[in-house]
Every structure is written in structure tokens, then in C-alpha cells.
Amino acid sequence: MTLLGQDAPSQLERGLLSSLRSLLVLGKLMTEGADEQQILELAVTAAPSLARCSVVSVELAWGRRRVAGLEAQLALVGATGGLVELPTMGWAWAYPLSSIAGHLGHLVIGASTEPSPEEQFLLRSLAQQAGGALANQRLHAQEQATAAELSTLNERLRGTVGALQHSMNIHTRLTAVAVSGEGSEGIARAVHELTGLQVAIEDRYGNLQAWAGPNRPDPYPKDSPARRERLICRAKRAVRPIRDGARILALAHPQGDTLGAIVLVDPTASASEQALMALEHGATILAMELARVRSLAESELRLRRDLVDELLNGTDEESGLARAMALGYDLQRPHRVVVIEGRGRTRDNDTFFQAVRRAARDEPAGTLLAARGAEVVLLADREPDWESLRRSVMRELGGGRARMGVGECCERVNEFPRSYRQAKLALRLPATAEWDDRSIRFDDLGVYRLLVGIEDLSEVERFVQRWLGDLLAYDEQRGSELVRTLSQYLARGGNYELTAESLIVHRNTLKYRLQRIRQIGGLDLSDPDTCFNLQLATRAWSTLRVLRSR
């Protein structure tokens, strides 16, 4: 090598300068967009052009497979590099792949003879360039990964912010409805505006309470009681709103007590997550609204029940009118006391009370009513079709039984106890007379009404004993049913077929009983006067049984 300042470089110097220029170009290629594999391939390819050698291995610190037996030697030479021994090579050197980021591995070069110092300088420079390029590439990859992760996080954040904003909009809109007191109608409109879907609000039994959106169905479809109960049970078990055919339903059930439901009509199954969120928020606000309404209704019902109890037990007119006025109720209209008794699929008294309340509202018959044990007492301020009212109660129950007694009309407050006694008598008589379930007005009881109105019943009892005494004594001693048989026979005008059917006995059995009645009572059942007195006696006997059971 010539000294600096000499006139003409030697051939060796020219070769070295050429190699250095090649290294510069190679370094640029390594740092401009090359990945790890390309950097290593460039280093492996360039090494033989810089010296009479070959690349034995590129040993990277992050897990590249090492040549057998080389690992321990590389650990000894460390980050400075150094001479290593390879069985097939006369000379081998581990050049460090280093950068400002630290030690990255080794470029292991092998040759039959030791390269010249100039060649070793070029190989060391190659290793340095490869190490720097690898460090840059790893840093660039890390930056790209970080940027991608940040981009993903930003997208998620935007989605979260959007969802929170939408949730806040839903909450704000529905809270405004609750605060303004718009009720179920306002909740339905708000959910419709938020989702763009038809919205229905139903009570616990599936009756439509509010609707928002076009094409309101008329009549509104209603499930059978059994299917409705199954649907409610399924919705209670679910965490989120449930799909029921073309509908999505969410319950309004504060403290576990189902008060109603809010429904999205979604026949194309296109409801978004935001729509479901609006439905859930709507169900929460509806639960609060229904709980508030129920609380007010229960308070009013308690006040009305107290008024009913006071009127039935007897109160002075001034006190009764004052309490009714406080409730906004006109007590100076004519009223009848109605007593209803029955049961649906279950013996739940509250369910029966609510069924009577809805039926009395729909007929209409009145709004002042109270539960008394298994009975419901209604103070009717109108004159509906009483049998239609009874059937309406049964429809509200979804089946079952119902009987109804209606007292006489009362014009004054002090007449309510009398009408109440009459209604109870009208309710009890069908059971003793073995009539079918029906609604009975005390006004229509005929002879029964006359018998009930008698102050001194001793004369009635003597009349019963005169005509039925022997038969009653026989029934008591033998456990027979001769008086009951006679009552049914006379009530059906002496028709054998109808009487046997009502008693559920064979025709021959009925003939035998009638023969025993003639013998024991000494009665001629073909005599019209005798039959009249016997029929009057059997009805008096039924009336006495009712009066004694009070």
C-alpha cells in the first residue's frame, strides 16, 4: 500500500478502493427497504467478492440455527469476535454483527488460508454494515408493528367512543321521556325513533298498551295464556332480549316482578347492536315507569278498598261522601253491590281480583272494588249485562269458573250494607239449589227474595217441617238424598229425564227414590197443590241453609 500523498496508487490500492465503493453501495442496498433475509443474502453473496473465502454461517442472537460445535466458541469470543476452529477450514473467523443497539450475532467466514489484512478489513466492514442494517431493519419492523398496533387501538377507541356516544344519546333520550312523564306511549315513540323499527309495549298478559311506527295491527295478536307464560319464563332466563319469531322482546321486571314487555318488530332480522341497546334501555325505563304507575295504582286501590269496606260495614253519609270526594268519585249515583267468586287455572286471589278489575273496566260496570278473601266486591255504578260481565271475567282468567250475585240498587250511602247482604245471598243460593254457575240479581230471586225478607224465620221453619220433616229425618238417619231428589224433580217440572241427568243417576234409581218419598212423606206427587207446597218448602229449605251459613 502506498503512503498518502504519493502520485499514483498501486493496483492493490485501486482494488481496495473499488471494494470500498462496492461496500458503500452494498450498505445502501441493505438499509433501503431490505428485509432480514435479503440483508443476510447480500452479505453472504458479497463476502467471496471481497476476499478468497466463503461464509460458513450467519449466527444470530435471536434463534438462527447454529453450526454444530460452534456455539461454545462464539460464546468465548463474544461481541468482539475472533478466531474459531472449523474442521474443514484452514482458517475461520467470527466477525461480530454489531450496532448501537447492541450485539446481534456473528458472520462466520472460512478460508483455506488466512486472508490478507486488507481483505480482513473489508470483511469486518461487511459485518459492521450487515449488523447496522439488521438493527435498522429490526427497529423499522418494531416501529411498523407499533404503528399497526396503535392504528388498531385507535380504531377500537373510535368504535368505543362511538358506542359510548350512541349509548349516551339513547340514555339521554329515554331519560328525557321518563322525566317528562310521557308514559308508555313516549317510551315507545323514543325507541322507534332510535331504532327505526316498529315498537310495541305490552302488559304482562300480552295486551297492547302502546304502539309506535306505521301499520299498527288491528286487532293486535295475543298469545294464549300458556304460551305467554312460557315466553316470559324464557325471557327471564335470558341475559339479553330474546327473539320470538319476527319480534325481539325485553321484559320490564323491576325486582324480578314482570310488569310488561317492550317489543321490536324485526321480521328481516336486521336489528343492529345499537337497536338492541336501545331496546334494553327502553325496558329499563319502562320498568321504572310501570313500577311508578303500579305504586300509584296500588295506593289508589288501597284508598278505594278502604272506602268500599267502610260502605259495606255501614258508615254515616257525610263521612262516606267526603272520602269518595277525596278520591274524585261520585258516590251519589245509584249503585249495586256485586259479589264475584271464582277461580282460574290457579287459585291465586290477586290474579282473580285483577281479572275482575279488567272485566269491570271493559264492560264497563264500575271502578270501585275490593277483594274480600276469595271474593271480589264491586260497587257497580252502571247496569251492564251481568252475565256478559261474568263471562268477561272468565275470559280474563283464561278459563275456569265464576259466579256472581247482584244486590238491589241503593240510592243512599246507608243502603250499601243491605245491597251487600243481598248480593251474598244471591251468590250462595245457586250452590244450595244446585244451579249452574251464573250471574243472579237479588231482584230476580222470586220466592227466594220473599223468604229472605221475612224477619221471623220460625214460621218458615215450621212450614218446612210440615212438608219435609219426615224426609229430612230419614235423610239424616240413613245418609240418603230424598229431599235433594225431590227438589230437583220439582224444579224440573217433574221431567224424569232431566232430573235423572241433573242427579247423575239412572232413571230406575230416580223412580225408586220418588216411590220412597211418597211412602215416607205420605205425599201425592200428582196433586198440583201438594207439588206447589213441596216446591215452596224445598226452596225455603235452601234459603234457610244459606241464612244459617252466614
# chains A, B, ... in the order shown; residues from 1 in each chain; ligands from 1
>>> residues_around(residues="A:Ser319", least_positions_apart="5", cutoff="10 Å", atoms="only C-alpha atoms", output="list in words")
Leu307, Glu310, Leu311, Ala324, Met325 and Val413 of chain A
>>> select_by_dssp(residues="stretch 294-381 of chain A", states="strand (DSSP E or B)", output="number ranges by chain")
A: 335-343, 368-372, 375-380
>>> residues_around(residues="A:Asn495", least_positions_apart="5", cutoff="12 Å", atoms="only C-alpha atoms", output="short mmCIF file (atom, residue, chain, number, x, y, z; two decimals) with all heavy atoms, in the first residue's frame")
data_model
loop_
_atom_site.label_atom_id
_atom_site.label_comp_id
_atom_site.auth_asym_id
_atom_site.auth_seq_id
_atom_site.Cartn_x
_atom_site.Cartn_y
_atom_site.Cartn_z
N LEU A 486 -136.16 -34.69 45.56
CA LEU A 486 -137.48 -34.06 45.40
C LEU A 486 -137.33 -32.64 44.87
O LEU A 486 -138.08 -32.20 43.99
CB LEU A 486 -138.21 -34.06 46.74
CG LEU A 486 -139.59 -33.38 46.76
CD1 LEU A 486 -140.55 -34.08 45.79
CD2 LEU A 486 -140.15 -33.36 48.18
N GLN A 488 -134.90 -31.34 43.03
CA GLN A 488 -134.52 -31.35 41.62
C GLN A 488 -135.69 -31.78 40.73
O GLN A 488 -135.88 -31.23 39.63
CB GLN A 488 -133.33 -32.31 41.42
CG GLN A 488 -132.03 -31.86 42.08
CD GLN A 488 -131.47 -30.63 41.42
OE1 GLN A 488 -131.39 -30.52 40.21
NE2 GLN A 488 -131.10 -29.63 42.24
N TYR A 489 -136.49 -32.75 41.22
CA TYR A 489 -137.64 -33.25 40.45
C TYR A 489 -138.67 -32.14 40.24
O TYR A 489 -139.18 -31.92 39.13
CB TYR A 489 -138.23 -34.43 41.19
CG TYR A 489 -139.50 -34.99 40.58
CD1 TYR A 489 -139.48 -35.72 39.40
CD2 TYR A 489 -140.74 -34.76 41.20
CE1 TYR A 489 -140.65 -36.23 38.84
CE2 TYR A 489 -141.91 -35.25 40.65
CZ TYR A 489 -141.86 -35.99 39.46
OH TYR A 489 -143.02 -36.47 38.92
N LEU A 490 -138.96 -31.39 41.31
CA LEU A 490 -139.95 -30.32 41.22
C LEU A 490 -139.43 -29.15 40.41
O LEU A 490 -140.17 -28.50 39.67
CB LEU A 490 -140.34 -29.87 42.63
CG LEU A 490 -141.07 -30.91 43.49
CD1 LEU A 490 -141.22 -30.41 44.91
CD2 LEU A 490 -142.44 -31.26 42.88
N ALA A 500 -133.04 -37.07 36.30
CA ALA A 500 -132.02 -38.12 36.41
C ALA A 500 -130.67 -37.61 35.93
O ALA A 500 -129.62 -37.92 36.52
CB ALA A 500 -132.45 -39.35 35.60
N GLU A 501 -130.70 -36.82 34.88
CA GLU A 501 -129.44 -36.26 34.35
C GLU A 501 -128.79 -35.30 35.36
O GLU A 501 -127.58 -35.32 35.55
CB GLU A 501 -129.73 -35.54 33.04
CG GLU A 501 -128.48 -34.99 32.36
CD GLU A 501 -128.80 -34.29 31.06
OE1 GLU A 501 -129.88 -34.56 30.48
OE2 GLU A 501 -127.97 -33.46 30.62
N SER A 502 -129.59 -34.45 35.99
CA SER A 502 -129.04 -33.49 36.95
C SER A 502 -128.50 -34.19 38.19
O SER A 502 -127.52 -33.74 38.81
CB SER A 502 -130.11 -32.47 37.36
OG SER A 502 -131.14 -33.08 38.11
N ARG A 507 -132.47 -43.74 35.56
CA ARG A 507 -133.91 -43.45 35.61
C ARG A 507 -134.62 -44.35 36.61
O ARG A 507 -135.50 -43.90 37.35
CB ARG A 507 -134.48 -43.61 34.20
CG ARG A 507 -135.96 -43.27 34.08
CD ARG A 507 -136.45 -43.61 32.68
NE ARG A 507 -137.87 -43.37 32.54
CZ ARG A 507 -138.41 -42.26 32.10
NH1 ARG A 507 -137.63 -41.26 31.73
NH2 ARG A 507 -139.73 -42.12 32.00
N LEU A 510 -134.09 -43.09 40.10
CA LEU A 510 -134.95 -41.95 40.38
C LEU A 510 -136.37 -42.40 40.70
O LEU A 510 -136.99 -41.91 41.66
CB LEU A 510 -134.96 -41.01 39.17
CG LEU A 510 -135.93 -39.82 39.25
CD1 LEU A 510 -135.58 -38.92 40.43
CD2 LEU A 510 -135.91 -39.02 37.94
N LYS A 511 -136.89 -43.37 39.94
CA LYS A 511 -138.24 -43.86 40.21
C LYS A 511 -138.34 -44.49 41.60
O LYS A 511 -139.32 -44.29 42.32
CB LYS A 511 -138.64 -44.90 39.15
CG LYS A 511 -138.92 -44.30 37.78
CD LYS A 511 -139.35 -45.39 36.80
CE LYS A 511 -139.70 -44.78 35.44
NZ LYS A 511 -140.13 -45.82 34.47
#
>>> select_by_dssp(residues="stretch 143-282 of chain A", states="alpha helix (DSSP H)", output="number ranges by chain")
A: 143-180, 183-195, 225-237, 273-282
>>> atom_distance(atom1="atom CA of A:Leu468", atom2="atom CA of A:Trp541")
8.8 Å
>>> atom_distance(atom1="atom CA of A:Gly260", atom2="atom CA of A:Glu202")
5.6 Å
>>> residues_around(residues="stretch 99-110 of chain A", least_positions_apart="2", cutoff="8 Å", atoms="only C-alpha atoms", output="compact mmCIF listing (two decimals) with N, CA, C and O atoms, in the first residue's frame")
# COMPACT_ATOMS: atom_id res chain seq x y z
N CYS A 53 -12.64 -16.38 0.26
CA CYS A 53 -13.25 -17.02 1.42
C CYS A 53 -14.70 -17.38 1.09
O CYS A 53 -15.18 -17.13 -0.02
N SER A 54 -15.38 -17.92 2.10
CA SER A 54 -16.81 -18.20 1.98
C SER A 54 -17.46 -17.99 3.35
O SER A 54 -16.80 -18.04 4.38
N VAL A 55 -18.74 -17.74 3.32
CA VAL A 55 -19.49 -17.58 4.57
C VAL A 55 -19.91 -18.96 5.06
O VAL A 55 -20.65 -19.68 4.39
N VAL A 56 -19.39 -19.30 6.21
CA VAL A 56 -19.72 -20.61 6.80
C VAL A 56 -21.11 -20.58 7.43
O VAL A 56 -21.91 -21.50 7.26
N SER A 57 -21.39 -19.49 8.13
CA SER A 57 -22.68 -19.41 8.82
C SER A 57 -22.93 -17.98 9.26
O SER A 57 -21.99 -17.22 9.48
N VAL A 58 -24.21 -17.65 9.33
CA VAL A 58 -24.62 -16.39 9.96
C VAL A 58 -25.34 -16.78 11.24
O VAL A 58 -26.42 -17.38 11.20
N GLU A 59 -24.74 -16.49 12.38
CA GLU A 59 -25.29 -16.88 13.68
C GLU A 59 -25.93 -15.66 14.35
O GLU A 59 -25.23 -14.72 14.71
N LEU A 60 -27.27 -15.68 14.43
CA LEU A 60 -27.98 -14.55 15.01
C LEU A 60 -28.37 -14.83 16.46
O LEU A 60 -28.67 -15.96 16.84
N ALA A 61 -28.42 -13.78 17.24
CA ALA A 61 -28.68 -13.93 18.67
C ALA A 61 -30.13 -14.32 18.96
O ALA A 61 -30.43 -14.79 20.04
N TRP A 62 -31.06 -14.11 17.99
CA TRP A 62 -32.48 -14.39 18.27
C TRP A 62 -32.97 -15.71 17.70
O TRP A 62 -34.10 -15.88 17.29
N LEU A 74 -18.25 -19.29 19.93
CA LEU A 74 -18.84 -17.96 19.77
C LEU A 74 -19.09 -17.31 21.13
O LEU A 74 -18.95 -16.09 21.29
N ALA A 79 -18.77 -10.42 21.85
CA ALA A 79 -19.14 -9.32 20.97
C ALA A 79 -17.96 -8.74 20.21
O ALA A 79 -18.15 -7.97 19.26
N GLY A 81 -15.65 -10.71 18.68
CA GLY A 81 -15.30 -11.63 17.61
C GLY A 81 -13.91 -12.20 17.78
O GLY A 81 -13.16 -11.82 18.69
N MET A 89 -11.89 -26.11 7.51
CA MET A 89 -11.31 -24.83 7.11
C MET A 89 -9.91 -24.67 7.72
O MET A 89 -9.70 -24.99 8.90
N GLY A 90 -8.99 -24.11 6.88
CA GLY A 90 -7.66 -23.83 7.41
C GLY A 90 -7.66 -22.61 8.32
O GLY A 90 -6.85 -22.49 9.24
N TRP A 91 -8.61 -21.74 8.02
CA TRP A 91 -8.72 -20.51 8.83
C TRP A 91 -10.21 -20.14 8.91
O TRP A 91 -10.97 -20.28 7.96
N ALA A 92 -10.66 -19.65 10.09
CA ALA A 92 -12.04 -19.23 10.26
C ALA A 92 -12.10 -18.12 11.31
O ALA A 92 -11.36 -18.16 12.31
N TRP A 93 -12.97 -17.15 11.03
CA TRP A 93 -13.07 -16.00 11.93
C TRP A 93 -14.55 -15.63 12.10
O TRP A 93 -15.34 -15.67 11.16
N ALA A 94 -14.89 -15.32 13.37
CA ALA A 94 -16.26 -14.88 13.68
C ALA A 94 -16.28 -13.37 13.80
O ALA A 94 -15.74 -12.81 14.76
N TYR A 95 -16.83 -12.69 12.78
CA TYR A 95 -16.92 -11.24 12.79
C TYR A 95 -18.23 -10.83 13.47
O TYR A 95 -19.31 -11.33 13.13
N PRO A 96 -18.15 -9.91 14.44
CA PRO A 96 -19.37 -9.53 15.16
C PRO A 96 -20.32 -8.70 14.29
O PRO A 96 -19.90 -7.85 13.53
N LEU A 97 -21.61 -9.02 14.40
CA LEU A 97 -22.67 -8.21 13.80
C LEU A 97 -23.15 -7.26 14.90
O LEU A 97 -23.97 -7.61 15.74
N SER A 112 -9.25 -21.33 3.10
CA SER A 112 -8.18 -22.35 3.18
C SER A 112 -6.93 -21.75 3.83
O SER A 112 -6.22 -22.44 4.57
N ALA A 127 -19.31 -7.04 7.89
CA ALA A 127 -20.06 -7.49 9.07
C ALA A 127 -20.68 -6.30 9.80
O ALA A 127 -21.83 -6.36 10.27
N GLN A 128 -19.89 -5.17 9.85
CA GLN A 128 -20.43 -4.00 10.52
C GLN A 128 -21.65 -3.44 9.78
O GLN A 128 -22.66 -3.06 10.38
N GLY A 131 -24.54 -5.77 10.32
CA GLY A 131 -25.09 -5.59 11.66
C GLY A 131 -25.93 -4.32 11.77
O GLY A 131 -27.02 -4.33 12.37
N GLY A 132 -25.40 -3.21 11.20
CA GLY A 132 -26.18 -1.98 11.24
C GLY A 132 -27.49 -2.08 10.48
O GLY A 132 -28.53 -1.58 10.93
N ALA A 135 -29.95 -4.12 12.50
CA ALA A 135 -30.51 -3.33 13.60
C ALA A 135 -31.56 -2.35 13.08
O ALA A 135 -32.63 -2.18 13.68
>>> atom_distance(atom1="atom CA of A:Leu20", atom2="atom CA of A:Leu86")
28.4 Å
>>> residues_around(residues="A:Ser526", least_positions_apart="3", cutoff="12 Å", atoms="only C-alpha atoms", output="JSON, numbers by chain")
{"A": [490, 493, 494, 514, 518, 523, 529, 530, 531, 532, 534]}
>>> closest_residue(among="A:Glu476, A:Glu363, A:Asn136, A:Glu229", to="A:Thr31", atoms="only C-alpha atoms")
A:Asn136
>>> residues_around(residues="A:Ala235", least_positions_apart="4", cutoff="12 Å", atoms="only C-alpha atoms", output="short mmCIF file (atom, residue, chain, number, x, y, z; two decimals) with N, CA, C and O atoms, in the first residue's frame")
data_model
loop_
_atom_site.label_atom_id
_atom_site.label_comp_id
_atom_site.auth_asym_id
_atom_site.auth_seq_id
_atom_site.Cartn_x
_atom_site.Cartn_y
_atom_site.Cartn_z
N ARG A 228 -97.86 -17.56 26.56
CA ARG A 228 -97.31 -16.32 27.13
C ARG A 228 -96.44 -16.60 28.35
O ARG A 228 -95.37 -16.01 28.52
N GLU A 229 -96.89 -17.51 29.19
CA GLU A 229 -96.11 -17.87 30.38
C GLU A 229 -94.78 -18.50 29.99
O GLU A 229 -93.75 -18.21 30.60
N ARG A 230 -94.80 -19.36 28.97
CA ARG A 230 -93.54 -19.98 28.52
C ARG A 230 -92.59 -18.92 27.98
O ARG A 230 -91.36 -18.97 28.22
N LEU A 231 -93.13 -17.95 27.24
CA LEU A 231 -92.30 -16.88 26.67
C LEU A 231 -91.67 -16.04 27.78
O LEU A 231 -90.48 -15.71 27.74
N VAL A 239 -80.10 -13.41 29.35
CA VAL A 239 -79.37 -12.24 29.82
C VAL A 239 -79.77 -11.00 29.01
O VAL A 239 -79.86 -9.90 29.54
N ARG A 240 -80.00 -11.20 27.71
CA ARG A 240 -80.33 -10.10 26.81
C ARG A 240 -81.71 -10.33 26.20
O ARG A 240 -82.33 -11.37 26.42
N PRO A 241 -82.23 -9.36 25.42
CA PRO A 241 -83.53 -9.57 24.77
C PRO A 241 -83.55 -10.84 23.94
O PRO A 241 -82.52 -11.25 23.38
N ILE A 242 -84.71 -11.47 23.84
CA ILE A 242 -84.84 -12.72 23.12
C ILE A 242 -85.65 -12.49 21.84
O ILE A 242 -86.47 -11.58 21.75
N ARG A 243 -85.39 -13.36 20.86
CA ARG A 243 -86.15 -13.30 19.61
C ARG A 243 -87.31 -14.28 19.70
O ARG A 243 -87.15 -15.42 20.12
N ASP A 244 -88.47 -13.82 19.29
CA ASP A 244 -89.68 -14.64 19.25
C ASP A 244 -90.31 -14.46 17.87
O ASP A 244 -91.14 -13.59 17.65
N ILE A 248 -88.46 -9.08 18.71
CA ILE A 248 -87.42 -9.14 19.73
C ILE A 248 -88.02 -8.54 21.00
O ILE A 248 -88.52 -7.42 20.98
N LEU A 249 -87.97 -9.30 22.08
CA LEU A 249 -88.70 -8.93 23.29
C LEU A 249 -87.76 -8.76 24.47
O LEU A 249 -86.85 -9.56 24.68
N ALA A 250 -88.00 -7.70 25.25
CA ALA A 250 -87.27 -7.47 26.51
C ALA A 250 -88.30 -7.21 27.59
O ALA A 250 -89.25 -6.46 27.39
N LEU A 251 -88.11 -7.83 28.75
CA LEU A 251 -89.06 -7.71 29.85
C LEU A 251 -88.80 -6.44 30.67
O LEU A 251 -87.66 -6.02 30.83
N ALA A 252 -89.86 -5.90 31.19
CA ALA A 252 -89.77 -4.83 32.19
C ALA A 252 -90.14 -5.49 33.52
O ALA A 252 -91.32 -5.70 33.80
N HIS A 253 -89.13 -5.86 34.27
CA HIS A 253 -89.41 -6.57 35.53
C HIS A 253 -88.55 -6.04 36.67
O HIS A 253 -87.51 -6.61 37.00
N GLY A 256 -87.54 -8.35 39.78
CA GLY A 256 -87.95 -9.70 39.41
C GLY A 256 -89.43 -9.88 39.16
O GLY A 256 -89.87 -10.97 38.77
N THR A 258 -92.44 -9.31 36.86
CA THR A 258 -92.70 -8.93 35.47
C THR A 258 -93.96 -8.08 35.39
O THR A 258 -95.05 -8.53 35.74
N GLY A 260 -94.45 -6.00 32.39
CA GLY A 260 -94.77 -5.82 30.99
C GLY A 260 -93.58 -6.17 30.12
O GLY A 260 -92.60 -6.75 30.58
N ALA A 261 -93.67 -5.81 28.85
CA ALA A 261 -92.60 -6.10 27.91
C ALA A 261 -92.59 -5.04 26.82
O ALA A 261 -93.62 -4.44 26.50
N ILE A 262 -91.39 -4.81 26.26
CA ILE A 262 -91.25 -3.90 25.12
C ILE A 262 -90.73 -4.74 23.95
O ILE A 262 -89.83 -5.58 24.13
N VAL A 263 -91.29 -4.54 22.77
CA VAL A 263 -91.05 -5.42 21.63
C VAL A 263 -90.61 -4.61 20.42
O VAL A 263 -91.21 -3.58 20.11
#
>>> closest_residue(among="A:Met288, A:Leu126, A:Ala226, A:Ser419", to="A:Arg21", atoms="only C-alpha atoms")
A:Leu126
>>> residues_around(residues="stretch 114-123 of chain A", least_positions_apart="5", cutoff="7 Å", atoms="only C-alpha atoms", output="MDAnalysis selection string")
chainID A and resid 47 50:52 91
